[in-house]
Amino acid sequence: MDTVITISVASHSKGHAEQAIDSAFSEIKRLEALFDFYSPDSEVSRINRHAGLSRVTVSPDMLTVLERASFVSKETGGAFDITTGALLVLYDFYHGIKPQQRAIEKHLPLVNYKAVHIDKKDTSVFLEKTGMLIDLGGIVKGYAADRAVETLKRAGIRSGLVAVAGDIKAFGLKPNEKPWKVGIKDPRAEGNDDTIATLDLKDMAISTSGDYERHFILEGERYHHLLSPATGYPAQTCQSVSIIAEEGALADAFATGIFILGPETGIKVIEKMGFGGLIIDKEGTIHVTSNIREKIEIEKPLTRDNKS
Amino acid sequence: MKNLLQGTTKADKVLISVLIVVSLSGIFFMQEVMPKRRTVLIEVDGRPLYVLPLGRDRIVEVEGSRGKTIIELKQEMARVKDSPCPTKQCVKQGWTGHGVIVCLPNKVVITVGNDNDDVHTVADAITR
């Protein structure tokens, strides 16, 4: 995973802590080899190469991630869709090049999460159409955080925090008996460490999807990687979405899906799922679900016009 | 108090006085050497809008149901500088270094010296 991973644990023994951290890193590395969209040797690339051709037998991890992805797609009315891989490759975020409308129109029919057929029995996957590309970038970091936390727990660690880029999962209490504290990035601050809010995290995961991650600005328009499966263009109604859930994979995928859904429908979906959520809409207004309103510490004005 | 002091010698009284001075100076010493991070929490209509460190002087404007409440932070104190409410009780309350200023008509609550020691600690991780 082309990203910074930090693992913090509390333990009485330095040796024990280091051992546990090493095994958690190995676990993340193992998953990276499966899910890397850009590596031709990854399992996901193997599935993509066989799109429209044949079923591909996959690992239990892949099966779990694909099932979770399908669940999130259904719950977000298709806003979260791993098959947007076919659109993502049309953008060059590095050089700041957007695709021609024609190219988008040509690739849109390849986007449909329902065309990913998962066969649990013989642990195989089939993409219905040639040219389909699944990109698991919107779910695997959260899943990796889940797996790393499991690894730490199995190694006997009782308190720790795993951050796979911005996808964080924390368990137990810190040595000072306080929960782990997580900041939410201010989407429009220049500094990468400028936060807009902080909250305590205990036995929960938090993920954020923002329009500032992979993006470029062209003719005054911001083009980022969170593409709407319906239009092929970046979703424009949010600056960032943070989701708090027990499972990192779900927090990660719902953050992406809700970003694309937009603040109004988004908040409803988060509350229906029983998650916590913070949405910063395109005007910079912060929307918070009622279940975390008391727990979150907002450092900046919640709203510009005092509405939410 | 008189009964208590009966039967004590002059030396006892000196000792008691010294002990009182020492313990009181200890309090001042702790306050000077270890100042607490103090904050101002500004809530409008029951929702927290700002948590600000008390150490920095500034003027904050918040929009309540009746209009703009102007809050001034200066030298570790806070006050309502102006308010759209009819009686202006909140303005009359003046500077507060510890406690709560409430403006009921405009639904603004300012909690000064909210010594929650974990409020402004650096986060263990940042989600982005």
# chains A, B, ... in the order shown; residues from 1 in each chain; ligands from 1
>>> residues_around(residues="Gly99 of chain B", least_positions_apart="4", cutoff="7 Å", atoms="only C-alpha atoms", output="list in words")
Thr111, Val112 and Gly113 of chain B
>>> write_last_selection(atoms="N, CA and C atoms", output="short mmCIF file (atom, residue, chain, number, x, y, z; two decimals), in the first residue's frame")
data_model
loop_
_atom_site.label_atom_id
_atom_site.label_comp_id
_atom_site.auth_asym_id
_atom_site.auth_seq_id
_atom_site.Cartn_x
_atom_site.Cartn_y
_atom_site.Cartn_z
N THR B 111 -18.74 28.76 28.60
CA THR B 111 -18.16 28.14 29.80
C THR B 111 -16.68 28.48 29.84
N VAL B 112 -16.29 29.21 30.87
CA VAL B 112 -14.91 29.70 30.95
C VAL B 112 -14.11 28.82 31.92
N GLY B 113 -12.89 28.50 31.51
CA GLY B 113 -12.02 27.73 32.40
C GLY B 113 -12.45 26.28 32.47
#
>>> closest_atom_pairs(of="chain A", to="chain B", cutoff="8 Å", atoms="only C-alpha atoms", output="JSON lines")
{"residue": "A:Ala163", "atom": "CA", "partner": "B:Ala125", "partner_atom": "CA", "distance": 7.0}
{"residue": "A:Ala165", "atom": "CA", "partner": "B:Arg128", "partner_atom": "CA", "distance": 7.5}
{"residue": "A:Gly166", "atom": "CA", "partner": "B:Thr127", "partner_atom": "CA", "distance": 4.0}
{"residue": "A:Asp167", "atom": "CA", "partner": "B:Thr127", "partner_atom": "CA", "distance": 6.1}
{"residue": "A:Ile168", "atom": "CA", "partner": "B:Thr127", "partner_atom": "CA", "distance": 6.7}
{"residue": "A:Trp180", "atom": "CA", "partner": "B:Asp124", "partner_atom": "CA", "distance": 6.3}
{"residue": "A:Lys181", "atom": "CA", "partner": "B:Ala123", "partner_atom": "CA", "distance": 5.0}
{"residue": "A:Val182", "atom": "CA", "partner": "B:Ala123", "partner_atom": "CA", "distance": 5.0}
{"residue": "A:Gly183", "atom": "CA", "partner": "B:Ile126", "partner_atom": "CA", "distance": 4.6}
{"residue": "A:Ile184", "atom": "CA", "partner": "B:Thr127", "partner_atom": "CA", "distance": 5.1}
{"residue": "A:Lys185", "atom": "CA", "partner": "B:Arg128", "partner_atom": "CA", "distance": 5.3}
{"residue": "A:Asp193", "atom": "CA", "partner": "B:Ile126", "partner_atom": "CA", "distance": 7.1}
{"residue": "A:Thr195", "atom": "CA", "partner": "B:Ile126", "partner_atom": "CA", "distance": 7.6}
{"residue": "A:Thr198", "atom": "CA", "partner": "B:Ala123", "partner_atom": "CA", "distance": 7.1}
{"residue": "A:Ile206", "atom": "CA", "partner": "B:Thr127", "partner_atom": "CA", "distance": 7.1}
{"residue": "A:Ser207", "atom": "CA", "partner": "B:Thr127", "partner_atom": "CA", "distance": 6.1}
{"residue": "A:Thr208", "atom": "CA", "partner": "B:Arg128", "partner_atom": "CA", "distance": 5.2}
{"residue": "A:Ser209", "atom": "CA", "partner": "B:Arg128", "partner_atom": "CA", "distance": 6.7}
{"residue": "A:Gly210", "atom": "CA", "partner": "B:Arg128", "partner_atom": "CA", "distance": 6.9}
{"residue": "A:Glu213", "atom": "CA", "partner": "B:Arg128", "partner_atom": "CA", "distance": 7.9}
{"residue": "A:Ser242", "atom": "CA", "partner": "B:Thr127", "partner_atom": "CA", "distance": 7.9}
{"residue": "A:Glu297", "atom": "CA", "partner": "B:Val51", "partner_atom": "CA", "distance": 7.5}
{"residue": "A:Ile298", "atom": "CA", "partner": "B:Tyr50", "partner_atom": "CA", "distance": 6.5}
{"residue": "A:Glu299", "atom": "CA", "partner": "B:Val51", "partner_atom": "CA", "distance": 5.6}
{"residue": "A:Lys300", "atom": "CA", "partner": "B:Tyr50", "partner_atom": "CA", "distance": 5.9}
{"residue": "A:Pro301", "atom": "CA", "partner": "B:Leu49", "partner_atom": "CA", "distance": 5.3}
{"residue": "A:Leu302", "atom": "CA", "partner": "B:Leu49", "partner_atom": "CA", "distance": 5.4}
{"residue": "A:Thr303", "atom": "CA", "partner": "B:Leu49", "partner_atom": "CA", "distance": 7.9}
{"residue": "A:Asp305", "atom": "CA", "partner": "B:Glu63", "partner_atom": "CA", "distance": 7.7}
{"residue": "A:Asn306", "atom": "CA", "partner": "B:Glu63", "partner_atom": "CA", "distance": 6.5}
>>> residues_around(residues="Ala230 of chain A", least_positions_apart="2", cutoff="9 Å", atoms="only C-alpha atoms", output="list in words")
Gly78, Ala79, Leu108, Val111, Leu227, Ser228, Gly232 and Tyr233 of chain A
>>> select_by_dssp(residues="segment 102-261 of chain A", states="helix (DSSP H, G or I)", output="MDAnalysis selection string")
chainID A and resid 102:110 113:115 140:154 248:261
>>> write_last_selection(atoms="C-alpha atoms", output="mmCIF file, in the first residue's frame")
data_model
loop_
_atom_site.group_PDB
_atom_site.id
_atom_site.type_symbol
_atom_site.label_atom_id
_atom_site.label_comp_id
_atom_site.auth_asym_id
_atom_site.auth_seq_id
_atom_site.Cartn_x
_atom_site.Cartn_y
_atom_site.Cartn_z
ATOM 1 C CA ARG A 102 -16.439 10.490 -24.844
ATOM 2 C CA ALA A 103 -14.072 8.244 -22.907
ATOM 3 C CA ILE A 104 -16.196 8.531 -19.785
ATOM 4 C CA GLU A 105 -19.358 7.679 -21.715
ATOM 5 C CA LYS A 106 -17.629 4.681 -23.234
ATOM 6 C CA HIS A 107 -16.536 3.352 -19.846
ATOM 7 C CA LEU A 108 -19.686 4.051 -17.834
ATOM 8 C CA PRO A 109 -21.404 0.806 -18.968
ATOM 9 C CA LEU A 110 -18.511 -1.089 -17.353
ATOM 10 C CA TYR A 113 -21.327 -3.459 -8.736
ATOM 11 C CA LYS A 114 -24.069 -5.972 -9.530
ATOM 12 C CA ALA A 115 -21.907 -7.326 -12.354
ATOM 13 C CA VAL A 140 -8.821 -2.307 1.843
ATOM 14 C CA LYS A 141 -7.082 0.190 4.099
ATOM 15 C CA GLY A 142 -9.871 -0.145 6.622
ATOM 16 C CA TYR A 143 -9.797 -3.915 6.214
ATOM 17 C CA ALA A 144 -6.027 -3.915 6.710
ATOM 18 C CA ALA A 145 -6.496 -1.952 9.952
ATOM 19 C CA ASP A 146 -9.032 -4.590 11.092
ATOM 20 C CA ARG A 147 -6.649 -7.446 10.332
ATOM 21 C CA ALA A 148 -3.666 -5.692 11.942
ATOM 22 C CA VAL A 149 -5.673 -5.102 15.127
ATOM 23 C CA GLU A 150 -6.675 -8.783 15.160
ATOM 24 C CA THR A 151 -3.019 -9.734 14.794
ATOM 25 C CA LEU A 152 -2.024 -7.497 17.708
ATOM 26 C CA LYS A 153 -4.785 -8.919 19.885
ATOM 27 C CA ARG A 154 -3.771 -12.470 19.044
ATOM 28 C CA GLY A 248 -12.636 -0.672 9.726
ATOM 29 C CA ALA A 249 -13.580 -2.093 6.319
ATOM 30 C CA LEU A 250 -17.104 -0.728 6.706
ATOM 31 C CA ALA A 251 -15.935 2.656 8.040
ATOM 32 C CA ASP A 252 -13.618 2.961 5.034
ATOM 33 C CA ALA A 253 -16.139 1.951 2.367
ATOM 34 C CA PHE A 254 -19.037 3.915 3.852
ATOM 35 C CA ALA A 255 -16.835 7.043 4.037
ATOM 36 C CA THR A 256 -16.363 6.779 0.265
ATOM 37 C CA GLY A 257 -19.994 5.895 -0.434
ATOM 38 C CA ILE A 258 -21.401 8.654 1.769
ATOM 39 C CA PHE A 259 -19.023 11.165 0.179
ATOM 40 C CA ILE A 260 -20.572 10.339 -3.183
ATOM 41 C CA LEU A 261 -24.138 10.302 -1.809
#
>>> residues_around(residues="Gly67 of chain B", least_positions_apart="4", cutoff="8 Å", atoms="only C-alpha atoms", output="list in words")
Glu63, Ser83, Pro84 and Asn106 of chain B
>>> write_last_selection(atoms="C-alpha atoms", output="JSON list (two decimals), in the first residue's frame")
[["chain", "number", "residue", "atom", "x", "y", "z"],
["B", 63, "GLU", "CA", -24.99, 33.96, 15.53],
["B", 83, "SER", "CA", -25.56, 40.96, 22.55],
["B", 84, "PRO", "CA", -28.87, 41.40, 20.74],
["B", 106, "ASN", "CA", -29.97, 34.41, 22.27]]
>>> closest_residue(among="A:Leu66, A:Tyr38, A:Lys74, A:Lys120", to="Val89 of chain A", atoms="only C-alpha atoms")
A:Tyr38
>>> residues_around(residues="Glu76 of chain B", least_positions_apart="2", cutoff="12 Å", atoms="only C-alpha atoms", output="number ranges by chain")
B: 35-40, 52-58, 72-74, 78-79, 95-98, 112-114
